[in-house]
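Participant: Before we start, here is the structure in question, set down as structure tokens.
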Amino acid sequence: MVKKKYIVEVEIKDVLFPNKSYGEINGNKILFKGGIKGQKVKVMVTKKGKSHLGGRIVGLVERSPLEKEPTCSHFGICGGCTYQTLSYKEQLELKKEQILKLFEKAGIEDFEFLGIEKSPREFEYRNKMEYTFGDEEKGGALSLGLHRKGRFYEVINVSSCSISDIDFRSIFVEILNYFKARNIPYYNKKDHVGVLRYLVIRKALSTGEILINLVTSSQEEVELHELLDKLKALELEGKIVGFIHTTDDSLADAIKVDKLDLIYGRDYIIEEILGLKFKISPFSFFQTNTFGAEKLYSIVRDFAGDTKDNMIFDLYSGTGTIAQIMAPVAKKVVGIEIVEEAVEIARENIKLNGLDNCEFIAGDVLQEIDKLKEKPDLIILDPPREGINPKALGKIIDFNPKRFVYVSCNPVTLVRDLRGFLDRGYSIEKVKCMDMFPQTSHVECVVLMSRVEK
């Protein structure tokens with residue numbers, strides 16, 4: 001009889017998307033987050049369901065035969081790179097199998113599966129990192145980095161993170177040492193006292209432009225011009241074009257802007273993808289893997305096919321990257337995005353790229369599609385992780401275009417949404433995965449759907 005809080009030894013039989021492992025205890029199936037197929041782990045039972053047990057890993061007994069030594073000294077502590085002990089070939093194979101199992105479980109078949117495209121870079125591919133100030137242990141020295149795995153308050157120094165851009169490490173160390181030497185306190189989330197909160201670094205990997213955003217509370221004035229001089233003196237592969245100081249006095253564990261001061265340069269960087277330029281502001285969304293994004297958008301363009309003289313809707317358009325990539329080969333593209341700042345950036349970018357056949361609407365897709373009068377030939381969908389609102393899904397399909405291209409960062413909600421398209425007379429033609437996040441469990445999928453002519 002297995003009870004809650006019992007710790008049992010389990011061999012991982014398989015890993016389901018997204019990073020959900022399972023094994024067996026006395027004939028009972030147990031599910032838990034993390035792990036790699038073939039590992040033997042200690043699992044604490046946390047839930048007793050009708051069909052299976054739930055648990056969490058509390059220790060590693062034996063590594064999987066598939067594993068190798070991790071390349072990053074922070075592996076297993078920060079919890080970011082769950083698959084780093086697998087070869088990249090094994091990572092790709094695992095993600096491919098996981099996606100196919102999701103489609104099979106959803107009863108989706110009879111489509112052309114084009115495999116998984118690998119990222120151009122396995123390491124040093126992240127063009128944005130958001131670090132938190134804190135301490136590694138209570139009362140310890142100032143630290144800067146990521147939260148310790150499974151912990152809310154402890155922050156571990158990740159100065160040698162292997163998936164972040166190489167310039168981030170030099171900037172990271174310089175800023176941490178600067179504030180350590182001056183005994184500037186970090187902002188404590190428990191008592192809401194302190195100064196240093198976050199450091200956000202963005203880099204346009206195609207142009208090398210770097211933007212630094214230091215986030216503090218207003219509880220103490222911080223001298224930053226000496227820090228700026230030190231940062232400008234660093235030997236970097238790229239170039240710092242902007243340094244911003246954001247004041248944030250909110251109680252939330254997320255950046256809220258009370259005040260923004262430009263300390264140096266400009267408050268944006270310019271990235272280039274597939275011959276187009278994109279202005280990236282401090283808080284606007286942009287794919288974190290620049291060169292992977294080029295491949296992803298190339299897949300989208302390929303799946304879209306011949307779009308000459310086509311009217312295209314780009315729903316959940318973000319900063320309008322996909323819309324602008326499609327615009328040169330279309331009659332017109334209309335994008336809808338709920339985040340107003342993203343729409344403002346998209347409108348600036350179409351001017352930057354000299355595009356006159358792109359229109360962006362700020363609002364909720366569920367409401368704004370009711371106002372669209374044009375009839376689309378193609379609809380491109382790139383929703384957030386939660387997928388498409390069920391009420392919006394029906395309205396979107398009502399447009400009855402010849403083709404849909406669905407870009408998904410969460411294959412679980414993707415297969416759920418695809419059932420709706422199948423039920424409304426569309427067939428799934430092609431599916432291809434793009435690995436935008438090497439060393440992690442995440443993967444993007446692109447799906448082409450066509451209307452079944454009766």
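Letters A, B, ... go to the chains of the structure tokens in the order shown; residues in each chain start at 1; ligands are counted from 1 in the same order.
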If you run DSSP over the backbone, which residues in segment 61-105 of chain A end up alpha helix (DSSP H)? Put them as a list in words.
Facilitator: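 Matching residues for alpha helix (DSSP H) in segment 61-105 of chain A are Tyr88, Lys89, Glu90, Gln91, Leu92, Glu93, Leu94, Lys95, Lys96, Glu97, Gln98, Ile99, Leu100, Lys101, Leu102, Phe103, Glu104 and Lys105 of chain A.
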Participant: With all heavy atoms retained, could you export that selection as a short mmCIF file (atom, residue, chain, number, x, y, z; two decimals), in the first residue's frame?
Facilitator:
```cif
data_model
loop_
_atom_site.label_atom_id
_atom_site.label_comp_id
_atom_site.auth_asym_id
_atom_site.auth_seq_id
_atom_site.Cartn_x
_atom_site.Cartn_y
_atom_site.Cartn_z
N TYR A 88 22.83 16.26 -28.35
CA TYR A 88 21.81 17.05 -29.06
C TYR A 88 20.99 16.16 -29.99
O TYR A 88 19.78 16.36 -30.16
CB TYR A 88 22.46 18.20 -29.84
CG TYR A 88 21.44 19.20 -30.34
CD1 TYR A 88 20.38 19.60 -29.53
CD2 TYR A 88 21.51 19.73 -31.62
CE1 TYR A 88 19.43 20.50 -29.97
CE2 TYR A 88 20.56 20.64 -32.07
CZ TYR A 88 19.53 21.01 -31.25
OH TYR A 88 18.58 21.90 -31.68
N LYS A 89 21.62 15.15 -30.55
CA LYS A 89 20.91 14.21 -31.41
C LYS A 89 19.81 13.50 -30.62
O LYS A 89 18.68 13.33 -31.10
CB LYS A 89 21.88 13.18 -31.99
CG LYS A 89 21.24 12.18 -32.95
CD LYS A 89 22.27 11.20 -33.50
CE LYS A 89 21.60 10.18 -34.42
NZ LYS A 89 22.59 9.20 -34.96
N GLU A 90 20.11 13.10 -29.37
CA GLU A 90 19.12 12.43 -28.52
C GLU A 90 18.00 13.40 -28.13
O GLU A 90 16.83 13.01 -28.05
CB GLU A 90 19.80 11.89 -27.25
CG GLU A 90 20.70 10.69 -27.48
CD GLU A 90 19.92 9.41 -27.66
OE1 GLU A 90 18.68 9.43 -27.58
OE2 GLU A 90 20.56 8.36 -27.90
N GLN A 91 18.33 14.66 -27.87
CA GLN A 91 17.33 15.67 -27.54
C GLN A 91 16.30 15.80 -28.67
O GLN A 91 15.09 15.82 -28.42
CB GLN A 91 17.98 17.02 -27.28
CG GLN A 91 18.82 17.11 -26.03
CD GLN A 91 19.45 18.48 -25.86
OE1 GLN A 91 18.83 19.51 -26.12
NE2 GLN A 91 20.71 18.51 -25.43
N LEU A 92 16.82 15.92 -29.88
CA LEU A 92 15.93 16.08 -31.04
C LEU A 92 15.04 14.85 -31.23
O LEU A 92 13.85 14.97 -31.52
CB LEU A 92 16.76 16.33 -32.30
CG LEU A 92 17.54 17.66 -32.34
CD1 LEU A 92 18.44 17.70 -33.58
CD2 LEU A 92 16.59 18.85 -32.35
N GLU A 93 15.62 13.67 -31.06
CA GLU A 93 14.86 12.44 -31.22
C GLU A 93 13.77 12.35 -30.15
O GLU A 93 12.64 11.95 -30.44
CB GLU A 93 15.80 11.23 -31.12
CG GLU A 93 15.15 9.91 -31.49
CD GLU A 93 14.68 9.83 -32.93
OE1 GLU A 93 15.25 10.54 -33.79
OE2 GLU A 93 13.72 9.06 -33.20
N LEU A 94 14.10 12.72 -28.92
CA LEU A 94 13.13 12.69 -27.82
C LEU A 94 11.97 13.63 -28.09
O LEU A 94 10.80 13.26 -27.94
CB LEU A 94 13.83 13.08 -26.51
CG LEU A 94 12.93 13.25 -25.28
CD1 LEU A 94 12.19 11.96 -24.96
CD2 LEU A 94 13.75 13.71 -24.08
N LYS A 95 12.26 14.86 -28.51
CA LYS A 95 11.20 15.84 -28.77
C LYS A 95 10.31 15.38 -29.93
O LYS A 95 9.09 15.53 -29.88
CB LYS A 95 11.82 17.22 -29.05
CG LYS A 95 12.48 17.84 -27.84
CD LYS A 95 13.10 19.19 -28.14
CE LYS A 95 13.82 19.73 -26.93
NZ LYS A 95 14.37 21.09 -27.13
N LYS A 96 10.94 14.82 -30.94
CA LYS A 96 10.17 14.32 -32.09
C LYS A 96 9.20 13.23 -31.65
O LYS A 96 8.02 13.24 -32.00
CB LYS A 96 11.13 13.77 -33.17
CG LYS A 96 10.43 13.31 -34.43
CD LYS A 96 11.43 12.74 -35.43
CE LYS A 96 11.86 11.35 -35.04
NZ LYS A 96 12.68 10.69 -36.10
N GLU A 97 9.69 12.28 -30.86
CA GLU A 97 8.84 11.19 -30.37
C GLU A 97 7.70 11.71 -29.50
O GLU A 97 6.56 11.24 -29.59
CB GLU A 97 9.69 10.19 -29.57
CG GLU A 97 10.64 9.36 -30.42
CD GLU A 97 11.50 8.45 -29.57
OE1 GLU A 97 11.31 8.43 -28.33
OE2 GLU A 97 12.36 7.74 -30.13
N GLN A 98 8.00 12.69 -28.65
CA GLN A 98 6.98 13.26 -27.76
C GLN A 98 5.85 13.91 -28.56
O GLN A 98 4.67 13.75 -28.23
CB GLN A 98 7.62 14.29 -26.82
CG GLN A 98 8.51 13.67 -25.75
CD GLN A 98 9.16 14.74 -24.89
OE1 GLN A 98 9.27 15.90 -25.28
NE2 GLN A 98 9.62 14.34 -23.72
N ILE A 99 6.22 14.63 -29.60
CA ILE A 99 5.21 15.31 -30.42
C ILE A 99 4.33 14.29 -31.15
O ILE A 99 3.10 14.41 -31.17
CB ILE A 99 5.88 16.27 -31.44
CG1 ILE A 99 6.68 17.34 -30.72
CG2 ILE A 99 4.83 16.90 -32.36
CD1 ILE A 99 5.92 18.11 -29.67
N LEU A 100 4.95 13.29 -31.71
CA LEU A 100 4.19 12.27 -32.43
C LEU A 100 3.23 11.53 -31.50
O LEU A 100 2.10 11.19 -31.89
CB LEU A 100 5.13 11.29 -33.13
CG LEU A 100 5.87 11.85 -34.35
CD1 LEU A 100 6.88 10.85 -34.87
CD2 LEU A 100 4.88 12.22 -35.46
N LYS A 101 3.65 11.30 -30.26
CA LYS A 101 2.77 10.64 -29.28
C LYS A 101 1.58 11.53 -28.93
O LYS A 101 0.47 11.03 -28.73
CB LYS A 101 3.56 10.29 -28.03
CG LYS A 101 4.48 9.09 -28.20
CD LYS A 101 5.31 8.82 -26.95
CE LYS A 101 6.26 7.65 -27.18
NZ LYS A 101 7.15 7.43 -26.01
N LEU A 102 1.80 12.84 -28.85
CA LEU A 102 0.70 13.77 -28.59
C LEU A 102 -0.34 13.71 -29.70
O LEU A 102 -1.55 13.67 -29.44
CB LEU A 102 1.23 15.21 -28.47
CG LEU A 102 1.84 15.64 -27.14
CD1 LEU A 102 2.36 17.07 -27.26
CD2 LEU A 102 0.83 15.55 -26.01
N PHE A 103 0.12 13.69 -30.95
CA PHE A 103 -0.80 13.62 -32.09
C PHE A 103 -1.53 12.28 -32.10
O PHE A 103 -2.73 12.22 -32.36
CB PHE A 103 -0.02 13.81 -33.40
CG PHE A 103 0.20 15.24 -33.77
CD1 PHE A 103 1.18 16.00 -33.15
CD2 PHE A 103 -0.58 15.86 -34.75
CE1 PHE A 103 1.38 17.33 -33.48
CE2 PHE A 103 -0.39 17.18 -35.10
CZ PHE A 103 0.59 17.93 -34.46
N GLU A 104 -0.80 11.21 -31.81
CA GLU A 104 -1.41 9.88 -31.79
C GLU A 104 -2.48 9.79 -30.71
O GLU A 104 -3.58 9.27 -30.95
CB GLU A 104 -0.33 8.83 -31.54
CG GLU A 104 -0.85 7.40 -31.56
CD GLU A 104 0.24 6.38 -31.27
OE1 GLU A 104 1.43 6.78 -31.16
OE2 GLU A 104 -0.09 5.19 -31.14
N LYS A 105 -2.18 10.31 -29.51
CA LYS A 105 -3.13 10.27 -28.41
C LYS A 105 -4.40 11.07 -28.73
O LYS A 105 -5.50 10.70 -28.31
CB LYS A 105 -2.47 10.82 -27.13
CG LYS A 105 -3.34 10.70 -25.90
CD LYS A 105 -2.61 11.21 -24.66
CE LYS A 105 -3.49 11.10 -23.43
NZ LYS A 105 -2.79 11.63 -22.21
#
```
Participant: When you look at Val200 of chain A with a cut-off of 10 Å (counting only C-alpha atoms), what residues show up, excluding the ones that are within fewer than 6 positions of it in the same chain? I need them as a PyMOL selection string.
Facilitator: chain A and resi 128-132+168+172+211-215+244+255+282-283
Participant: Could you build a table of the residues in segment 240-342 of chain A lying no more than 12 Å from segment 401-411 of chain A, giving for each the nearest pair of atoms and their separation in Å rounded to one decimal place, using only C-alpha atoms, ordered by chain and ascending residue number, as JSON lines?
Facilitator:
```
{"residue": "A:Gln287", "atom": "CA", "partner": "A:Cys409", "partner_atom": "CA", "distance": 10.7}
{"residue": "A:Ala293", "atom": "CA", "partner": "A:Val407", "partner_atom": "CA", "distance": 11.8}
{"residue": "A:Leu296", "atom": "CA", "partner": "A:Val407", "partner_atom": "CA", "distance": 8.9}
{"residue": "A:Tyr297", "atom": "CA", "partner": "A:Val407", "partner_atom": "CA", "distance": 9.4}
{"residue": "A:Ser298", "atom": "CA", "partner": "A:Val407", "partner_atom": "CA", "distance": 11.9}
{"residue": "A:Ile299", "atom": "CA", "partner": "A:Val407", "partner_atom": "CA", "distance": 9.8}
{"residue": "A:Val300", "atom": "CA", "partner": "A:Val405", "partner_atom": "CA", "distance": 7.0}
{"residue": "A:Arg301", "atom": "CA", "partner": "A:Val405", "partner_atom": "CA", "distance": 9.2}
{"residue": "A:Asp302", "atom": "CA", "partner": "A:Val405", "partner_atom": "CA", "distance": 10.1}
{"residue": "A:Phe303", "atom": "CA", "partner": "A:Val405", "partner_atom": "CA", "distance": 7.0}
{"residue": "A:Ala304", "atom": "CA", "partner": "A:Val405", "partner_atom": "CA", "distance": 6.7}
{"residue": "A:Gly305", "atom": "CA", "partner": "A:Arg403", "partner_atom": "CA", "distance": 9.6}
{"residue": "A:Asp306", "atom": "CA", "partner": "A:Arg403", "partner_atom": "CA", "distance": 11.1}
{"residue": "A:Thr307", "atom": "CA", "partner": "A:Arg403", "partner_atom": "CA", "distance": 10.5}
{"residue": "A:Asn310", "atom": "CA", "partner": "A:Lys402", "partner_atom": "CA", "distance": 10.5}
{"residue": "A:Met311", "atom": "CA", "partner": "A:Pro401", "partner_atom": "CA", "distance": 9.7}
{"residue": "A:Ile312", "atom": "CA", "partner": "A:Pro401", "partner_atom": "CA", "distance": 9.3}
{"residue": "A:Phe313", "atom": "CA", "partner": "A:Phe404", "partner_atom": "CA", "distance": 9.7}
{"residue": "A:Asp314", "atom": "CA", "partner": "A:Val405", "partner_atom": "CA", "distance": 9.6}
{"residue": "A:Leu315", "atom": "CA", "partner": "A:Tyr406", "partner_atom": "CA", "distance": 9.8}
{"residue": "A:Tyr316", "atom": "CA", "partner": "A:Val407", "partner_atom": "CA", "distance": 10.2}
{"residue": "A:Ser317", "atom": "CA", "partner": "A:Val407", "partner_atom": "CA", "distance": 10.9}
{"residue": "A:Ile322", "atom": "CA", "partner": "A:Val407", "partner_atom": "CA", "distance": 10.2}
```
Participant: Please provide the set of residues having any atom within 6 Å of Thr440 of chain A, restricted to only C-alpha atoms, with same-chain residues fewer than 3 positions apart removed, written as a VMD selection string.
Facilitator: chain A and resid 81 to 83 437
Participant: How would you write, as an NGL selection string, the set of residues in segment 135-246 of chain A that DSSP gives as strand (DSSP E)?
Facilitator: :A and (135 or 142-147 or 155-157 or 196-203 or 209-216 or 239-246)
Participant: Just the selected residues (N, CA and C atoms), exported as a short mmCIF file (atom, residue, chain, number, x, y, z; two decimals), in the first residue's frame, please.
Facilitator:
```cif
data_model
loop_
_atom_site.label_atom_id
_atom_site.label_comp_id
_atom_site.auth_asym_id
_atom_site.auth_seq_id
_atom_site.Cartn_x
_atom_site.Cartn_y
_atom_site.Cartn_z
N ASP A 135 20.32 36.42 -2.71
CA ASP A 135 21.45 35.74 -2.08
C ASP A 135 21.25 34.24 -2.25
N LEU A 142 25.75 39.06 -1.79
CA LEU A 142 24.90 39.43 -2.92
C LEU A 142 25.12 38.47 -4.09
N SER A 143 24.03 38.03 -4.68
CA SER A 143 24.10 37.15 -5.83
C SER A 143 23.24 37.72 -6.95
N LEU A 144 23.52 37.28 -8.14
CA LEU A 144 22.75 37.69 -9.31
C LEU A 144 22.60 36.47 -10.20
N GLY A 145 21.39 36.16 -10.59
CA GLY A 145 21.23 34.98 -11.44
C GLY A 145 19.80 34.52 -11.58
N LEU A 146 19.61 33.21 -11.45
CA LEU A 146 18.29 32.61 -11.61
C LEU A 146 17.89 31.92 -10.31
N HIS A 147 16.60 31.72 -10.14
CA HIS A 147 16.12 31.06 -8.93
C HIS A 147 16.63 29.62 -8.88
N VAL A 155 18.64 32.60 -4.92
CA VAL A 155 19.12 32.94 -6.26
C VAL A 155 20.55 32.44 -6.42
N ILE A 156 20.80 31.70 -7.48
CA ILE A 156 22.14 31.18 -7.71
C ILE A 156 22.84 31.96 -8.81
N ASN A 157 24.12 32.18 -8.61
CA ASN A 157 24.94 32.90 -9.57
C ASN A 157 25.13 32.02 -10.81
N LEU A 196 18.24 46.54 -5.26
CA LEU A 196 18.50 45.85 -6.53
C LEU A 196 17.45 44.76 -6.79
N ARG A 197 16.80 44.81 -7.96
CA ARG A 197 15.74 43.84 -8.25
C ARG A 197 16.10 42.92 -9.42
N TYR A 198 16.25 43.46 -10.62
CA TYR A 198 16.48 42.63 -11.81
C TYR A 198 17.52 43.26 -12.73
N LEU A 199 18.10 42.41 -13.55
CA LEU A 199 18.96 42.85 -14.65
C LEU A 199 18.48 42.13 -15.90
N VAL A 200 18.12 42.90 -16.92
CA VAL A 200 17.68 42.32 -18.19
C VAL A 200 18.65 42.74 -19.29
N ILE A 201 19.18 41.76 -19.99
CA ILE A 201 20.11 42.05 -21.10
C ILE A 201 19.52 41.47 -22.37
N ARG A 202 19.49 42.29 -23.42
CA ARG A 202 19.03 41.85 -24.73
C ARG A 202 20.13 42.13 -25.75
N LYS A 203 20.25 41.23 -26.71
CA LYS A 203 21.24 41.43 -27.77
C LYS A 203 20.65 41.01 -29.11
N GLU A 209 24.01 44.51 -31.46
CA GLU A 209 23.59 45.59 -30.57
C GLU A 209 23.08 45.04 -29.23
N ILE A 210 23.51 45.67 -28.14
CA ILE A 210 23.17 45.21 -26.79
C ILE A 210 22.43 46.30 -26.03
N LEU A 211 21.36 45.90 -25.33
CA LEU A 211 20.59 46.81 -24.50
C LEU A 211 20.55 46.26 -23.08
N ILE A 212 20.93 47.10 -22.10
CA ILE A 212 20.97 46.69 -20.70
C ILE A 212 19.91 47.45 -19.93
N ASN A 213 19.14 46.72 -19.13
CA ASN A 213 18.09 47.34 -18.33
C ASN A 213 18.27 46.92 -16.87
N LEU A 214 18.66 47.86 -16.01
CA LEU A 214 18.80 47.60 -14.59
C LEU A 214 17.53 48.05 -13.88
N VAL A 215 16.94 47.14 -13.09
CA VAL A 215 15.68 47.43 -12.41
C VAL A 215 15.93 47.49 -10.90
N THR A 216 15.57 48.63 -10.29
CA THR A 216 15.74 48.80 -8.85
C THR A 216 14.48 49.39 -8.23
N LYS A 239 28.18 45.31 -29.18
CA LYS A 239 28.39 46.69 -28.74
C LYS A 239 27.17 47.16 -27.94
N ILE A 240 27.43 47.74 -26.77
CA ILE A 240 26.35 48.29 -25.95
C ILE A 240 25.85 49.57 -26.60
N VAL A 241 24.57 49.59 -26.98
CA VAL A 241 23.99 50.78 -27.63
C VAL A 241 22.98 51.47 -26.71
N GLY A 242 22.66 50.85 -25.57
CA GLY A 242 21.70 51.46 -24.67
C GLY A 242 21.81 50.92 -23.26
N PHE A 243 21.64 51.82 -22.28
CA PHE A 243 21.63 51.42 -20.86
C PHE A 243 20.46 52.15 -20.20
N ILE A 244 19.53 51.36 -19.65
CA ILE A 244 18.30 51.90 -19.08
C ILE A 244 18.24 51.59 -17.59
N HIS A 245 17.68 52.53 -16.83
CA HIS A 245 17.40 52.30 -15.41
C HIS A 245 15.90 52.37 -15.20
N THR A 246 15.33 51.24 -14.81
CA THR A 246 13.89 51.16 -14.54
C THR A 246 13.66 51.16 -13.03
#
```
Participant: Just how far from atom CA of Leu414 of chain A is atom CA of Glu344 of chain A, in Å to one decimal?
Facilitator: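 Separation between atom CA of Glu344 of chain A and atom CA of Leu414 of chain A: 27.9 Å.
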Participant: In Å, with one decimal, what is the gap from atom CA of Gly354 of chain A to atom CA of Lys375 of chain A?
Facilitator: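 Spanning atom CA of Gly354 of chain A to atom CA of Lys375 of chain A is a straight-line distance of 24.7 Å.
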Participant: Have a look at A:Asn183, A:Asp191, A:Val8, A:Cys78 and name the one nearest to Arg148 of chain A; count only C-alpha atoms.
Facilitator: A:Cys78
Participant: Quick one: residues within 12 Å of Phe291 of chain A, only C-alpha atoms counted, chain neighbours fewer than 2 positions away excluded, as a PyMOL selection string?
Facilitator: chain A and resi 118-127+204-207+271-274+287-289+293-298+434-437
Participant: With distances taken over only C-alpha atoms, which residue among A:Glu444, A:Glu112, A:Asp309, A:Glu453 lies nearest Asp377 of chain A?
Facilitator: A:Asp309
Participant: Could you name the residues that touch Phe32 of chain A at 9 Å or less, counting only C-alpha atoms, but leaving out those on the same chain fewer than 5 positions away, as a list of chain:residue names?
Facilitator: A:Asn19, A:Lys20, A:Ser21, A:Tyr22, A:Gly23, A:Val43, A:Leu53, A:Gly54, A:Gly55, A:Arg56, A:Ile57
Participant: Go ahead and write the residues just picked, N, CA and C atoms, as a tab-separated table (two decimals), in the first residue's frame.
Facilitator:
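As written to disk, part35.tsv reads:
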```
chain	number	residue	atom	x	y	z
A	19	ASN	N	8.01	17.34	-20.53
A	19	ASN	CA	8.91	16.94	-19.46
A	19	ASN	C	8.17	16.26	-18.30
A	20	LYS	N	7.23	15.38	-18.64
A	20	LYS	CA	6.45	14.65	-17.64
A	20	LYS	C	6.84	13.18	-17.70
A	21	SER	N	7.48	12.69	-16.64
A	21	SER	CA	7.96	11.31	-16.63
A	21	SER	C	6.97	10.39	-15.93
A	22	TYR	N	7.11	9.09	-16.25
A	22	TYR	CA	6.29	8.13	-15.52
A	22	TYR	C	7.05	6.82	-15.30
A	23	GLY	N	6.66	6.14	-14.22
A	23	GLY	CA	7.21	4.84	-13.90
A	23	GLY	C	6.13	4.02	-13.21
A	43	VAL	N	11.33	9.19	-5.64
A	43	VAL	CA	10.13	10.01	-5.84
A	43	VAL	C	9.28	10.00	-4.58
A	53	LEU	N	-0.75	7.58	-9.60
A	53	LEU	CA	-0.21	8.36	-8.48
A	53	LEU	C	0.51	9.58	-9.04
A	54	GLY	N	0.64	10.59	-8.20
A	54	GLY	CA	1.44	11.76	-8.55
A	54	GLY	C	2.60	11.88	-7.60
A	55	GLY	N	3.70	12.47	-8.05
A	55	GLY	CA	4.87	12.59	-7.18
A	55	GLY	C	5.83	13.65	-7.63
A	56	ARG	N	6.91	13.78	-6.90
A	56	ARG	CA	7.99	14.70	-7.30
A	56	ARG	C	9.33	14.07	-7.00
A	57	ILE	N	10.29	14.31	-7.86
A	57	ILE	CA	11.63	13.75	-7.70
A	57	ILE	C	12.33	14.41	-6.51
```
Participant: State, in Å with one decimal place, the distance from atom CA of Gly134 of chain A to atom CA of Val195 of chain A.
Facilitator: 10.4 Å
Participant: With distances taken over only C-alpha atoms, which residue among A:Val15, A:Val61, A:Val10, A:Cys72 lies nearest Gln439 of chain A?
Facilitator: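 Answer, going by the shortest atom-to-atom distance: A:Cys72.
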Participant: Using only C-alpha atoms, determine which residues lie at most 9 Å from Val2 of chain A, disregarding the query and same-chain residues fewer than 5 positions distant; provide the list as a list in words.
Facilitator: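 So the residues in contact are Val8, Ile25, Asn26, Val45 and Lys48 of chain A.
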Participant: Could you name the residues that touch Ile369 of chain A at 10 Å or less, counting only C-alpha atoms, but leaving out those on the same chain fewer than 6 positions away, as an MDAnalysis selection string?
Facilitator: chainID A and resid 313 315 336 361 363 392 395:396 399
